[in-house]
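Structure file run18.cif (mmCIF, C-alpha atoms) follows.
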```cif
data_upload
#
loop_
_atom_site.group_PDB
_atom_site.id
_atom_site.type_symbol
_atom_site.label_atom_id
_atom_site.label_comp_id
_atom_site.auth_asym_id
_atom_site.auth_seq_id
_atom_site.Cartn_x
_atom_site.Cartn_y
_atom_site.Cartn_z
ATOM 1 C CA MET E 1 10.702 -4.593 22.327
ATOM 2 C CA ASP E 2 9.952 -0.875 22.413
ATOM 3 C CA TRP E 3 11.942 1.570 24.530
ATOM 4 C CA VAL E 4 9.763 4.599 23.847
ATOM 5 C CA THR E 5 6.485 3.056 25.000
ATOM 6 C CA GLY E 6 8.109 1.816 28.184
ATOM 7 C CA ASP E 7 7.909 -1.917 27.524
ATOM 8 C CA PHE E 8 11.560 -2.240 28.584
ATOM 9 C CA ASP E 9 13.894 -0.156 30.720
ATOM 10 C CA PRO E 10 16.282 1.683 28.415
ATOM 11 C CA PHE E 11 18.892 2.175 31.166
ATOM 12 C CA GLU E 12 19.634 1.307 34.760
ATOM 13 C CA VAL E 13 21.633 2.499 37.749
ATOM 14 C CA ARG E 14 23.613 -0.099 39.630
ATOM 15 C CA GLU E 15 23.859 1.300 43.117
ATOM 16 C CA PRO E 16 26.348 0.349 45.815
ATOM 17 C CA GLU E 17 24.974 -0.660 49.203
ATOM 18 C CA THR E 18 26.172 2.743 50.378
ATOM 19 C CA GLN E 19 27.826 5.359 48.236
ATOM 20 C CA SER E 20 31.140 5.844 50.000
ATOM 21 C CA ILE E 21 33.252 7.587 47.337
ATOM 22 C CA PRO E 22 32.726 10.810 45.335
ATOM 23 C CA PHE E 23 32.564 8.999 41.979
ATOM 24 C CA VAL E 24 29.844 8.375 39.419
ATOM 25 C CA PHE E 25 30.502 5.935 36.572
ATOM 26 C CA ASN E 26 28.643 6.142 33.283
ATOM 27 C CA SER E 27 28.574 3.850 30.229
ATOM 28 C CA PRO E 28 26.346 5.479 27.599
ATOM 29 C CA HIS E 29 27.422 3.450 24.557
ATOM 30 C CA SER E 30 27.592 -0.173 25.712
ATOM 31 C CA GLY E 31 23.892 -0.949 25.257
ATOM 32 C CA ARG E 32 23.257 -4.001 23.101
ATOM 33 C CA LEU E 33 19.495 -4.592 23.173
ATOM 34 C CA TYR E 34 18.073 -3.725 19.769
ATOM 35 C CA PRO E 35 14.353 -3.012 19.302
ATOM 36 C CA SER E 36 12.838 -5.235 16.627
ATOM 37 C CA THR E 37 11.240 -2.218 14.935
ATOM 38 C CA PHE E 38 14.660 -0.568 14.717
ATOM 39 C CA LEU E 39 16.250 -3.659 13.189
ATOM 40 C CA ALA E 40 13.392 -3.899 10.697
ATOM 41 C CA ALA E 41 14.020 -0.302 9.602
ATOM 42 C CA SER E 42 17.754 -0.883 9.158
ATOM 43 C CA ARG E 43 19.573 -1.990 6.045
ATOM 44 C CA LEU E 44 22.345 -3.578 8.156
ATOM 45 C CA ASP E 45 22.611 -7.122 9.439
ATOM 46 C CA ALA E 46 22.661 -8.005 13.129
ATOM 47 C CA LEU E 47 26.464 -7.915 13.346
ATOM 48 C CA ALA E 48 27.156 -4.830 11.253
ATOM 49 C CA ILE E 49 24.715 -2.680 13.204
ATOM 50 C CA ARG E 50 26.739 -3.335 16.362
ATOM 51 C CA ARG E 51 29.896 -1.659 15.017
ATOM 52 C CA SER E 52 29.278 1.543 16.992
ATOM 53 C CA GLU E 53 28.919 -0.158 20.371
ATOM 54 C CA ASP E 54 31.428 0.334 23.154
ATOM 55 C CA HIS E 55 31.595 -3.432 23.383
ATOM 56 C CA TYR E 56 31.224 -4.801 26.932
ATOM 57 C CA VAL E 57 32.444 -1.591 28.570
ATOM 58 C CA ASP E 58 29.687 -2.011 31.147
ATOM 59 C CA GLU E 59 31.317 -5.324 32.105
ATOM 60 C CA LEU E 60 34.868 -3.964 32.083
ATOM 61 C CA PHE E 61 33.867 -1.361 34.687
ATOM 62 C CA GLY E 62 31.347 -3.633 36.369
ATOM 63 C CA ASP E 63 33.155 -3.573 39.730
ATOM 64 C CA ALA E 64 32.498 0.146 40.226
ATOM 65 C CA PRO E 65 29.551 -0.340 42.628
ATOM 66 C CA SER E 66 31.650 -2.665 44.800
ATOM 67 C CA PHE E 67 33.995 0.272 45.403
ATOM 68 C CA GLY E 68 31.082 2.419 46.574
ATOM 69 C CA ALA E 69 30.031 4.316 43.428
ATOM 70 C CA PRO E 70 26.817 4.292 41.379
ATOM 71 C CA PHE E 71 27.089 3.087 37.787
ATOM 72 C CA LEU E 72 24.659 4.343 35.135
ATOM 73 C CA LEU E 73 24.558 2.260 31.975
ATOM 74 C CA ALA E 74 22.513 2.241 28.812
ATOM 75 C CA HIS E 75 20.663 -0.796 27.503
ATOM 76 C CA PHE E 76 19.670 0.952 24.258
ATOM 77 C CA PRO E 77 22.373 0.907 21.582
ATOM 78 C CA ARG E 78 24.296 3.928 20.403
ATOM 79 C CA ALA E 79 23.137 3.290 16.835
ATOM 80 C CA TYR E 80 19.565 3.902 18.049
ATOM 81 C CA LEU E 81 20.243 7.015 20.141
ATOM 82 C CA ASP E 82 23.459 8.720 21.200
ATOM 83 C CA VAL E 83 23.195 10.449 24.570
ATOM 84 C CA ASN E 84 26.758 11.747 24.223
ATOM 85 C CA ARG E 85 25.444 14.458 21.904
ATOM 86 C CA GLU E 86 23.357 17.571 22.338
ATOM 87 C CA PRO E 87 19.682 16.597 22.571
ATOM 88 C CA TYR E 88 18.807 17.818 19.082
ATOM 89 C CA GLU E 89 21.847 17.278 16.857
ATOM 90 C CA LEU E 90 19.770 15.969 13.980
ATOM 91 C CA ASP E 91 20.342 15.562 10.252
ATOM 92 C CA PRO E 92 17.324 16.808 8.244
ATOM 93 C CA ARG E 93 18.298 14.486 5.372
ATOM 94 C CA MET E 94 17.330 11.511 7.549
ATOM 95 C CA PHE E 95 13.737 12.470 8.260
ATOM 96 C CA GLU E 96 10.348 12.907 6.687
ATOM 97 C CA GLY E 97 8.954 16.215 7.882
ATOM 98 C CA PRO E 98 10.582 19.408 9.173
ATOM 99 C CA LEU E 99 12.787 19.392 12.244
ATOM 100 C CA PRO E 100 12.047 21.919 14.999
ATOM 101 C CA SER E 101 13.745 25.292 14.590
ATOM 102 C CA TYR E 102 15.957 24.675 17.634
ATOM 103 C CA ALA E 103 17.565 21.552 16.161
ATOM 104 C CA ASN E 104 21.313 21.819 15.601
ATOM 105 C CA ILE E 105 21.567 20.659 11.992
ATOM 106 C CA GLY E 106 25.001 22.143 11.272
ATOM 107 C CA SER E 107 27.346 20.490 13.756
ATOM 108 C CA MET E 108 30.389 18.542 12.622
ATOM 109 C CA ARG E 109 28.932 15.449 14.273
ATOM 110 C CA VAL E 110 25.732 15.740 12.235
ATOM 111 C CA ALA E 111 27.782 16.265 9.074
ATOM 112 C CA GLY E 112 29.702 13.085 9.889
ATOM 113 C CA GLY E 113 26.510 11.072 10.339
ATOM 114 C CA LEU E 114 26.923 10.754 14.103
ATOM 115 C CA GLY E 115 24.239 12.993 15.539
ATOM 116 C CA THR E 116 21.818 12.295 18.363
ATOM 117 C CA VAL E 117 19.981 9.871 16.095
ATOM 118 C CA PRO E 118 22.925 8.537 14.075
ATOM 119 C CA ARG E 119 22.798 8.084 10.324
ATOM 120 C CA ILE E 120 25.740 5.669 10.202
ATOM 121 C CA VAL E 121 27.585 3.163 12.316
ATOM 122 C CA ALA E 122 31.360 2.881 12.313
ATOM 123 C CA GLU E 123 33.047 2.435 8.935
ATOM 124 C CA ASN E 124 30.458 4.770 7.363
ATOM 125 C CA MET E 125 27.739 2.169 6.980
ATOM 126 C CA GLU E 126 24.303 3.701 6.529
ATOM 127 C CA ILE E 127 21.827 2.469 9.135
ATOM 128 C CA TYR E 128 18.428 3.136 7.585
ATOM 129 C CA ALA E 129 16.845 1.841 4.413
ATOM 130 C CA ARG E 130 14.590 4.903 4.153
ATOM 131 C CA ARG E 131 13.835 8.177 5.897
ATOM 132 C CA LEU E 132 12.362 8.143 9.382
ATOM 133 C CA PRO E 133 9.332 10.136 10.509
ATOM 134 C CA VAL E 134 10.650 13.153 12.371
ATOM 135 C CA GLU E 135 8.297 12.252 15.212
ATOM 136 C CA GLU E 136 10.329 9.083 15.756
ATOM 137 C CA ALA E 137 13.511 11.059 16.426
ATOM 138 C CA LEU E 138 11.737 13.463 18.771
ATOM 139 C CA ALA E 139 10.127 10.554 20.643
ATOM 140 C CA ARG E 140 13.561 9.009 21.268
ATOM 141 C CA VAL E 141 14.825 12.312 22.649
ATOM 142 C CA GLU E 142 11.815 12.824 24.900
ATOM 143 C CA GLY E 143 11.419 9.211 25.973
ATOM 144 C CA ILE E 144 15.036 8.162 26.508
ATOM 145 C CA TYR E 145 17.586 10.952 26.077
ATOM 146 C CA LYS E 146 16.036 13.399 28.510
ATOM 147 C CA PRO E 147 15.309 10.806 31.245
ATOM 148 C CA TYR E 148 18.859 9.448 30.893
ATOM 149 C CA HIS E 149 20.416 12.861 31.432
ATOM 150 C CA ALA E 150 17.997 13.678 34.241
ATOM 151 C CA CYS E 151 19.175 10.504 35.980
ATOM 152 C CA LEU E 152 22.846 11.358 35.423
ATOM 153 C CA ARG E 153 22.325 14.880 36.760
ATOM 154 C CA ARG E 154 20.666 13.492 39.901
ATOM 155 C CA LEU E 155 23.549 11.103 40.542
ATOM 156 C CA ILE E 156 26.133 13.854 40.126
ATOM 157 C CA ALA E 157 24.175 16.334 42.259
ATOM 158 C CA ARG E 158 23.669 13.742 45.012
ATOM 159 C CA THR E 159 27.353 12.901 44.999
ATOM 160 C CA HIS E 160 28.379 16.553 45.118
ATOM 161 C CA ALA E 161 26.003 17.275 47.974
ATOM 162 C CA ARG E 162 27.306 14.321 49.974
ATOM 163 C CA PHE E 163 31.045 14.727 49.433
ATOM 164 C CA GLY E 164 31.556 18.332 48.392
ATOM 165 C CA LEU E 165 32.804 17.188 44.986
ATOM 166 C CA ALA E 166 31.816 14.738 42.274
ATOM 167 C CA ILE E 167 34.054 12.882 39.833
ATOM 168 C CA LEU E 168 32.312 11.494 36.760
ATOM 169 C CA ILE E 169 34.137 8.727 34.901
ATOM 170 C CA ASP E 170 32.598 8.438 31.438
ATOM 171 C CA CYS E 171 33.496 4.992 30.122
ATOM 172 C CA HIS E 172 34.036 4.272 26.422
ATOM 173 C CA SER E 173 35.971 2.125 23.964
ATOM 174 C CA MET E 174 37.750 2.961 20.717
ATOM 175 C CA PRO E 175 38.656 1.007 17.585
ATOM 176 C CA GLY E 176 41.928 -0.879 17.563
ATOM 177 C CA THR E 177 42.938 1.010 14.415
ATOM 178 C CA ILE E 178 43.365 4.294 16.279
ATOM 179 C CA ARG E 179 46.881 5.693 16.080
ATOM 180 C CA LEU E 180 48.422 8.878 17.442
ATOM 181 C CA SER E 181 48.713 11.588 14.822
ATOM 182 C CA GLY E 182 51.908 11.367 12.831
ATOM 183 C CA SER E 183 53.003 8.058 14.309
ATOM 184 C CA ASP E 184 52.285 4.341 14.413
ATOM 185 C CA VAL E 185 51.743 4.410 18.180
ATOM 186 C CA ARG E 186 48.540 2.692 19.259
ATOM 187 C CA PRO E 187 47.249 3.996 22.586
ATOM 188 C CA ASP E 188 45.771 1.445 24.956
ATOM 189 C CA PHE E 189 43.867 4.144 26.830
ATOM 190 C CA ILE E 190 43.003 7.781 26.223
ATOM 191 C CA ILE E 191 42.025 10.052 29.100
ATOM 192 C CA GLY E 192 39.898 12.989 27.956
ATOM 193 C CA ASP E 193 39.334 16.139 29.981
ATOM 194 C CA ARG E 194 38.366 18.552 27.188
ATOM 195 C CA TYR E 195 41.904 19.948 27.172
ATOM 196 C CA GLY E 196 41.859 20.704 30.867
ATOM 197 C CA THR E 197 38.393 22.267 31.071
ATOM 198 C CA SER E 198 36.280 19.377 32.395
ATOM 199 C CA ALA E 199 38.498 18.139 35.246
ATOM 200 C CA SER E 200 41.461 19.245 37.280
ATOM 201 C CA ALA E 201 44.905 18.600 35.856
ATOM 202 C CA GLU E 202 45.742 16.617 39.013
ATOM 203 C CA LEU E 203 42.963 14.119 38.324
ATOM 204 C CA SER E 204 43.893 13.740 34.670
ATOM 205 C CA ARG E 205 47.558 13.238 35.486
ATOM 206 C CA ALA E 206 46.701 10.720 38.189
ATOM 207 C CA ALA E 207 44.592 8.690 35.752
ATOM 208 C CA LEU E 208 47.385 8.735 33.154
ATOM 209 C CA HIS E 209 50.116 7.804 35.615
ATOM 210 C CA ILE E 210 48.110 4.941 37.106
ATOM 211 C CA LEU E 211 47.599 3.384 33.684
ATOM 212 C CA GLN E 212 51.179 4.020 32.597
ATOM 213 C CA ASP E 213 52.550 2.536 35.793
ATOM 214 C CA MET E 214 50.524 -0.588 35.010
ATOM 215 C CA GLY E 215 52.409 -0.884 31.720
ATOM 216 C CA PHE E 216 49.791 0.557 29.367
ATOM 217 C CA ASN E 217 50.293 3.168 26.683
ATOM 218 C CA ALA E 218 48.029 5.928 27.994
ATOM 219 C CA VAL E 219 47.716 9.401 26.482
ATOM 220 C CA ARG E 220 45.614 12.476 27.083
ATOM 221 C CA ASN E 221 42.996 14.113 24.849
ATOM 222 C CA LYS E 222 44.258 12.987 21.443
ATOM 223 C CA PRO E 223 42.462 11.954 19.404
ATOM 224 C CA TYR E 224 39.544 11.848 21.880
ATOM 225 C CA ALA E 225 39.163 14.729 24.326
ATOM 226 C CA GLY E 226 35.664 13.896 25.499
ATOM 227 C CA GLY E 227 32.190 14.418 24.101
ATOM 228 C CA PHE E 228 29.037 16.208 25.157
ATOM 229 C CA ILE E 229 28.811 14.439 28.517
ATOM 230 C CA THR E 230 32.341 15.315 29.588
ATOM 231 C CA GLU E 231 31.994 18.886 28.385
ATOM 232 C CA HIS E 232 28.510 19.393 29.796
ATOM 233 C CA TYR E 233 29.020 17.991 33.300
ATOM 234 C CA GLY E 234 32.609 18.956 34.019
ATOM 235 C CA ARG E 235 32.835 22.172 36.057
ATOM 236 C CA PRO E 236 36.095 21.896 38.030
ATOM 237 C CA VAL E 237 35.787 25.306 39.691
ATOM 238 C CA ARG E 238 32.556 24.029 41.286
ATOM 239 C CA GLY E 239 34.049 20.707 42.321
ATOM 240 C CA LEU E 240 32.424 18.847 39.407
ATOM 241 C CA HIS E 241 35.027 16.865 37.499
ATOM 242 C CA ALA E 242 34.412 14.764 34.384
ATOM 243 C CA LEU E 243 36.950 12.427 32.807
ATOM 244 C CA GLN E 244 36.397 10.322 29.718
ATOM 245 C CA ILE E 245 38.306 7.059 29.455
ATOM 246 C CA GLU E 246 38.639 5.255 26.132
ATOM 247 C CA VAL E 247 39.757 1.618 26.148
ATOM 248 C CA ASN E 248 41.275 0.157 22.986
ATOM 249 C CA ARG E 249 38.921 -2.630 21.920
ATOM 250 C CA ALA E 250 41.722 -4.666 20.393
ATOM 251 C CA LEU E 251 42.919 -5.357 23.933
ATOM 252 C CA TYR E 252 39.880 -7.424 24.843
ATOM 253 C CA VAL E 253 37.532 -8.140 21.910
ATOM 254 C CA ASP E 254 37.795 -9.585 18.418
ATOM 255 C CA GLU E 255 36.543 -6.640 16.392
ATOM 256 C CA MET E 256 35.411 -8.831 13.497
ATOM 257 C CA THR E 257 33.289 -11.307 15.470
ATOM 258 C CA LEU E 258 32.754 -9.125 18.596
ATOM 259 C CA ASP E 259 33.639 -12.145 20.734
ATOM 260 C CA LYS E 260 35.584 -11.537 23.920
ATOM 261 C CA LYS E 261 39.279 -12.376 23.739
ATOM 262 C CA PRO E 262 40.955 -14.572 26.378
ATOM 263 C CA GLU E 263 42.538 -11.352 27.690
ATOM 264 C CA PHE E 264 39.127 -9.902 28.598
ATOM 265 C CA ASP E 265 39.343 -10.848 32.273
ATOM 266 C CA LEU E 266 42.853 -9.406 32.537
ATOM 267 C CA ILE E 267 41.709 -6.032 31.175
ATOM 268 C CA ALA E 268 38.676 -6.059 33.477
ATOM 269 C CA ALA E 269 40.964 -6.779 36.444
ATOM 270 C CA ALA E 270 43.318 -3.997 35.347
ATOM 271 C CA LEU E 271 40.415 -1.556 35.243
ATOM 272 C CA SER E 272 39.351 -2.614 38.727
ATOM 273 C CA THR E 273 42.884 -1.798 39.858
ATOM 274 C CA PHE E 274 42.634 1.525 38.041
ATOM 275 C CA VAL E 275 39.373 2.368 39.823
ATOM 276 C CA ARG E 276 40.782 1.393 43.210
ATOM 277 C CA GLN E 277 43.860 3.562 42.721
ATOM 278 C CA MET E 278 41.776 6.488 41.492
ATOM 279 C CA VAL E 279 39.670 6.146 44.627
ATOM 280 C CA ASP E 280 42.830 6.144 46.753
ATOM 281 C CA PHE E 281 44.062 9.261 44.969
ATOM 282 C CA SER E 282 40.732 11.024 45.412
ATOM 283 C CA ILE E 283 41.006 10.836 49.208
ATOM 284 C CA GLY E 284 43.976 13.164 49.237
ATOM 285 C CA PHE E 285 42.571 15.138 46.328
ATOM 286 C CA SER E 286 39.303 15.822 48.154
ATOM 287 C CA VAL E 287 41.163 17.052 51.232
ATOM 288 C CA ASP E 288 43.324 19.360 49.116
ATOM 289 C CA SER E 289 40.239 20.635 47.301
ATOM 290 C CA ALA E 290 38.465 21.372 50.573
ATOM 291 C CA LEU E 291 41.469 23.259 51.914
ATOM 292 C CA ALA E 292 41.785 25.241 48.692
ATOM 293 C CA ALA E 293 38.138 26.283 48.981
ATOM 294 C CA GLU E 294 38.545 27.638 52.498
#
```
File written out as C-alpha cells:
Amino acid sequence: MDWVTGDFDPFEVREPETQSIPFVFNSPHSGRLYPSTFLAASRLDALAIRRSEDHYVDELFGDAPSFGAPFLLAHFPRAYLDVNREPYELDPRMFEGPLPSYANIGSMRVAGGLGTVPRIVAENMEIYARRLPVEEALARVEGIYKPYHACLRRLIARTHARFGLAILIDCHSMPGTIRLSGSDVRPDFIIGDRYGTSASAELSRAALHILQDMGFNAVRNKPYAGGFITEHYGRPVRGLHALQIEVNRALYVDEMTLDKKPEFDLIAAALSTFVRQMVDFSIGFSVDSALAAE
C-alpha cells in the first residue's frame, strides 16, 4: 500500500444524489488504513499507532449524505499525515536533510510533536524508530495534503455558489480523559468556532443547544476551539462558516481495545438527529443571512 504513488485513494468524497443543503462534512482524522512502509518505519505496534485516530468518526457522521450534504473523509491515518495543520509545520529533528526555508518549525504544535507529519501519537509515544528523509515529508504534503485541501476548497466553493452560504462541519473525537479546566466535568461534545471567528454565534449556539436539549454535556471552545481547518475556512462575513465538533470517545468506543461499545449505534443515531436539527435551523438562518446582506 502506498498513498504517495497513487496505488490507493488516500481520501474520498461521499456525495448525495443531489446536494440540497448548504453543508459540507469533513472527517480528516478517522483514516485507518496504514501503509506497510509506514508501519515498518514505526517503533509502535499495530494498536498503539492508532491512538491518534478519531475512531470511527466517519461512521458516526455517515448519514450526512442522506441529508443532502457531501462528506469528505480521509483514509490515510492522522499519524501518517495531519491535514488539520498548516502544510509545512515540520520538526527538523525528525528528518535527514534540511527542511525548506518556508517550513514553520517553531509552532506550538511542532514543539508538541503534532505537526503536519507527526512525531508522536497520543500519550507522547514516539512514532519513528529513526529519522525520515525530508523528501518523504514533502512527498506526503504534495501527494496527499494539497490534493485533500484542494478537494475541500472545491466542495465549500461549490456549496457557497449554490446556496449563497456554506457551513463546514469538521468532525473529530477527543479522549475520554478530557475535563473542563478547574473541574471534574467531562464534556460529551465540544463545539469549536475559534472563539467566534470561524462561524456565526447563532450557528454555534444552535449546535450547543441541540446537543444540550438531547441530554448531552456540550460546551464551546474549551479546551478545543478548532484547528487549522476551522480557522482557515471559516469566514462568516463572507457566508463561510466552519464549526468543529468533538465527540468524547468514551461514549462509544473502548479506548484500550478500540472496539465499539454497545452504545455506538445510539451515539450515531444521536448525531443523525443533531445533523437533521442543524439542517432545520439552517433554513431560517440562511433566510436571515440573505436578508441581512441586502
Selection under test: the PyMOL selection byres ((chain E and resi 175-187) around 12); residues as a ChimeraX atom specification = /E:51-55,122-123,172-174,188-191,208,211-212,215-224,245-256,258
Distance query region 112-118 of chain E at most 9 Å, all atoms listed in the file, self and fewer than 3 positions along chain excluded, as a PyMOL selection string | chain E and resi 78-91+105+107-109+121+124+126-127+137+140-141+145
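Between CA of Pro133 (chain E) and CA of Pro28 (chain E) the separation is 24.6 Å.
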Using CA of Phe281 (chain E) and CA of Phe228 (chain E) as the two end points, give the distance in Å to one decimal.
->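 Rounded to one decimal, the two atoms are 25.8 Å apart.
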Tell me, as a VMD selection string, which residues lie within 9 Å of Asp63 (chain E), counting all atoms listed in the file; anything in the same chain fewer than 4 positions away does not count.
-> chain E and resid 59 67 268 271 to 272 275
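Note that CA of Pro236 (chain E) and CA of Ile144 (chain E) are 27.7 Å apart.
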Using all atoms listed in the file, the best pick from E:Leu203, E:Ile283, E:Ala69, E:Cys171 as closest to Tyr56 (chain E) would be E:Cys171
